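The structure appears below as structure tokens.
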Amino acid sequence: MKLPAGPKLSSLLQTLRIIADPTGFLEACAAQYGDTFTLRVLGINSPPVVFFSDPDAIQAIFTTLADQFEFGKVTHVFRPLTGDLSLIMQDGARHQKQRQLLMPALHGESLYRCGNLICRITQTQTANWSTDALVPVQDAMLDISLEVILQVVFGLQPGERLLRLKSLLHTLLERVNSPLYSVQFFLPPLQQDLGKNSPWGGFLRLRQQIDQLLYAEIAERRHLITREPTQTERTDILSMLLTARDAAGEPLSDQELRDQLMTLLLLGHETTASGLTWALYWLHQNPETLTKLRAELDELSHQPEPMQVAQQPYLNAVCKEALRVYPIALISQPRKVKQTVSLAGYEFEPGAILIPCIYLAHRRSPTYPEATRFHPERFLTSKLSQYEYLPFGGGSRSCIGAALAMFEMKLILATLLNRFEFRLQQPSGQMARPARRGITFVPPGRFQLRVTQLRSTAPVAVG
Ligand code: HEM
């Protein structure tokens, strides 16, 4: 099989480079070899890993050739967290069936009804920010987005259970993100319960406490729905899932509900917080874009509806551009070739791994002139296809939370800008390189903003 060209470095060196500096290494390869190149990053004698950033090739992978691939088991490291019944652990027809069941809860009318709650959460979480306060942006965005997941997705009402779950999940997610602790998810032999003070033993006990609270919530809500059907009018996603039925009319079991909730938490919390952190980072690095966005938001009526806020074109462009320059996920899920396929002028034999590269697709100069520049206007003037702009991936495993994530980012950003003025704590103008945090990429260092003014503008949300 004649493969696209790629670095001549040994497999070990390629692997080390992609781990140490993924964006730098990918850029260097694209500069030398173009839109399609082959890496050897899975060890000697392992299958070739081919990266694609040309929109036609990405389109073919997501659509016409989709049946010729299978998905690897990359998400299986999450199994101890999400459980066996999670959407991301399923393949084929079962996976599609689960997506159809989850999708309505995360789109359209049911989603837009959560708008006021998202704005209210942002206000409550930032109520004690005063003039001169120093805001550690990533941590602050993580707090807000965790609260959104717990109230909007899980439907927890403020109270003891919410507080307890938040604290336990906080500990869990911090541990999962710490490099030392996270190693055990990749190395099953380390997954040994050697008591509550051992890393895996600690994880299992933490998970058990979280599960107890989740199952208690599920049981209570099932009971409420049977006793008071009007409860089904609640706007949270768990309520929708409790009443969802598959094609055979079957509801989701308690374990299925628990596993889907943990999946939405794991994939929807850090990602959205990182997107928001980037948006705030770029806006404060580029004062003219910030001024333009503020002007657009200030034009809105006294207490606009969340939907009206979300429809503002410049706000939309800012959020999209923040997810373009440094996409939170650098790649779409790798595909393993099942039967020989022809693509981009090459033949790929069974076993080859093909990767649509989101990061490089977002950096192609034919599509994005001055690609490294934060320039939201590009989304006002040109219409880009879903194979040129793909922060949420694509094909059968594209992000099911994309609509929620965009809606949430816009409302949180607008609420923050309406309530506060900030100044960059770091010198502006420094070009950022993203830092890895768990499965996402965030602004480097501990990016901070200082509150310079509390604004008198009415908050975006209505009560
Ligand atoms: C800015 C925020 C977000 C970004 C950038 C993002 C990005 C992504 C990407 C790139 C994928 C993989 C797609 C592929 O392989 O082609 C994905 C999958 C997924 N995302 Fe998101 N996501 C975000 C927010 C969310 C939210 C808020 C939720 C839910 C509450 C969510 C739930 C999921 C799920 C369940 C999957 C797996 C889908 C499947 O396997 O069928 N994401 N996301």
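Identifiers in this document derive from the order of the structure tokens: chains are assigned A, B, ..., residues are numbered from 1 separately in each chain, and ligands are numbered from 1 in order of occurrence.
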Contacts of A:Arg40 at 8 Å or less, counting only C-alpha atoms, minus same-chain residues fewer than 5 places along, as a VMD selection string? chain A and resid 10 to 11 14 to 15 46 to 49
I need the residues from that last selection saved to file as an mmCIF file, in the first residue's frame (with C-alpha atoms), if you can.
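Result written to result.cif:
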data_model
loop_
_atom_site.group_PDB
_atom_site.id
_atom_site.type_symbol
_atom_site.label_atom_id
_atom_site.label_comp_id
_atom_site.auth_asym_id
_atom_site.auth_seq_id
_atom_site.Cartn_x
_atom_site.Cartn_y
_atom_site.Cartn_z
ATOM 1 C CA SER A 10 11.256 6.791 14.374
ATOM 2 C CA SER A 11 7.870 5.746 15.692
ATOM 3 C CA GLN A 14 6.859 10.739 16.500
ATOM 4 C CA THR A 15 4.870 9.508 19.481
ATOM 5 C CA SER A 46 1.523 -0.905 14.110
ATOM 6 C CA PRO A 47 -0.961 0.316 11.477
ATOM 7 C CA PRO A 48 -0.313 3.663 9.787
ATOM 8 C CA VAL A 49 -2.262 6.639 11.119
#
Produce a table with one row for each residue of stretch 197-300 of chain A that has an atom at most 9 Å from any atom of stretch 401-422 of chain A, each row naming the nearest atom pair and its distance in Å at one decimal; use only C-alpha atoms; arrange rows by chain and rising residue number; format as CSV.
residue,atom,partner,partner_atom,distance
A:Leu264,CA,A:Gly401,CA,8.0
A:Leu267,CA,A:Gly401,CA,8.5
A:Gly268,CA,A:Gly401,CA,6.9
A:Thr271,CA,A:Ala405,CA,8.4
A:Thr272,CA,A:Ala405,CA,5.9
A:Ala273,CA,A:Met409,CA,8.3
A:Gly275,CA,A:Met409,CA,7.4
A:Leu276,CA,A:Met409,CA,6.0
A:Ala279,CA,A:Leu413,CA,8.1
A:Leu280,CA,A:Leu413,CA,7.8
A:His284,CA,A:Phe422,CA,7.9
A:Leu293,CA,A:Ala414,CA,9.0
A:Arg294,CA,A:Leu417,CA,7.1
A:Leu297,CA,A:Ala414,CA,7.1
A:Asp298,CA,A:Asn418,CA,7.9
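The space between atom 29 (C, counted along the ligand's line) of ligand 1 and atom CA of A:Thr367 spans 28.4 Å.
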Step by step, measure atom-to-atom distances between ligand 1 and each residue using only C-alpha atoms and all ligand atoms, keep those at most 8 Å, then write them as a VMD selection string. chain A and resid 87 to 90 95 to 96 99 106 149 153 260 263 to 276 323 327 to 334 358 390 to 406 408 to 409
When DSSP works through the backbone of this structure, what residues of stretch 11-219 of chain A end up as strand (DSSP E), shown as a PyMOL selection string? chain A and resi 36-39+49-52+69-71+134-136
Tell me which protein, DNA and RNA residues are within 12 Å of A:Tyr181, counting only C-alpha atoms, leaving out same-chain ones fewer than 3 positions away, and put them as a PyMOL selection string. chain A and resi 171-178+184-187+190-191+198-203+438
What does the distance from atom CA of A:Leu26 to atom CA of A:Ala66 come to in Å, to one decimal?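 Result for atom CA of A:Leu26 versus atom CA of A:Ala66: 24.1 Å, one decimal.
Nearest residue to A:Leu85 among A:Gln157, A:Ser53, A:Thr38, A:Ser253 is A:Ser253, counting only C-alpha atoms.
Distances from A:Thr75, A:Gln386, A:Asn286, A:Thr131 to A:Val318 were compared using only C-alpha atoms, and the smallest one belongs to A:Asn286.
Atom pair atom CA of A:Arg222 / atom CA of A:Arg161: separated by 16.5 Å.
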Determine the nearest neighbour of A:Ser385 from the options A:Gly34, A:Pro306, A:Pro55, A:Gly108, counting only C-alpha atoms. A:Pro55
Residue neighbourhood A:Pro366, 12 Å, only C-alpha atoms, exclusion window fewer than 3 positions, as number ranges by chain: A: 35, 53-55, 360-363, 369-371, 384, 388
Writer output for current selection, N, CA and C atoms, as a tab-separated table (two decimals), in the first residue's frame:
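New file selection38.tsv:
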chain	number	residue	atom	x	y	z
A	35	ASP	N	-2.16	18.47	3.08
A	35	ASP	CA	-3.42	18.13	3.76
A	35	ASP	C	-3.49	16.70	4.27
A	53	SER	N	-7.06	16.88	6.27
A	53	SER	CA	-7.69	18.16	6.58
A	53	SER	C	-8.38	18.77	5.37
A	54	ASP	N	-8.29	18.12	4.23
A	54	ASP	CA	-8.97	18.61	3.04
A	54	ASP	C	-10.48	18.35	3.18
A	55	PRO	N	-11.33	19.38	2.94
A	55	PRO	CA	-12.77	19.20	3.18
A	55	PRO	C	-13.40	18.06	2.37
A	360	LEU	N	-6.26	21.02	11.96
A	360	LEU	CA	-5.65	21.44	10.69
A	360	LEU	C	-6.70	21.92	9.69
A	361	ALA	N	-7.90	21.32	9.72
A	361	ALA	CA	-8.97	21.80	8.83
A	361	ALA	C	-9.28	23.27	9.15
A	362	HIS	N	-9.20	23.62	10.44
A	362	HIS	CA	-9.48	25.00	10.87
A	362	HIS	C	-8.33	25.96	10.58
A	363	ARG	N	-7.22	25.41	10.11
A	363	ARG	CA	-6.03	26.25	9.88
A	363	ARG	C	-5.65	26.31	8.41
A	369	PRO	N	-8.06	32.68	5.46
A	369	PRO	CA	-6.92	33.58	5.33
A	369	PRO	C	-6.52	34.07	6.72
A	370	GLU	N	-5.23	34.25	6.96
A	370	GLU	CA	-4.70	34.65	8.27
A	370	GLU	C	-5.30	33.76	9.37
A	371	ALA	N	-5.09	32.48	9.18
A	371	ALA	CA	-5.78	31.50	10.02
A	371	ALA	C	-5.46	31.61	11.51
A	384	LEU	N	-19.35	28.66	5.52
A	384	LEU	CA	-18.41	27.53	5.49
A	384	LEU	C	-19.17	26.23	5.63
A	388	GLU	N	-15.47	22.09	6.55
A	388	GLU	CA	-14.41	23.10	6.70
A	388	GLU	C	-14.38	23.61	8.14
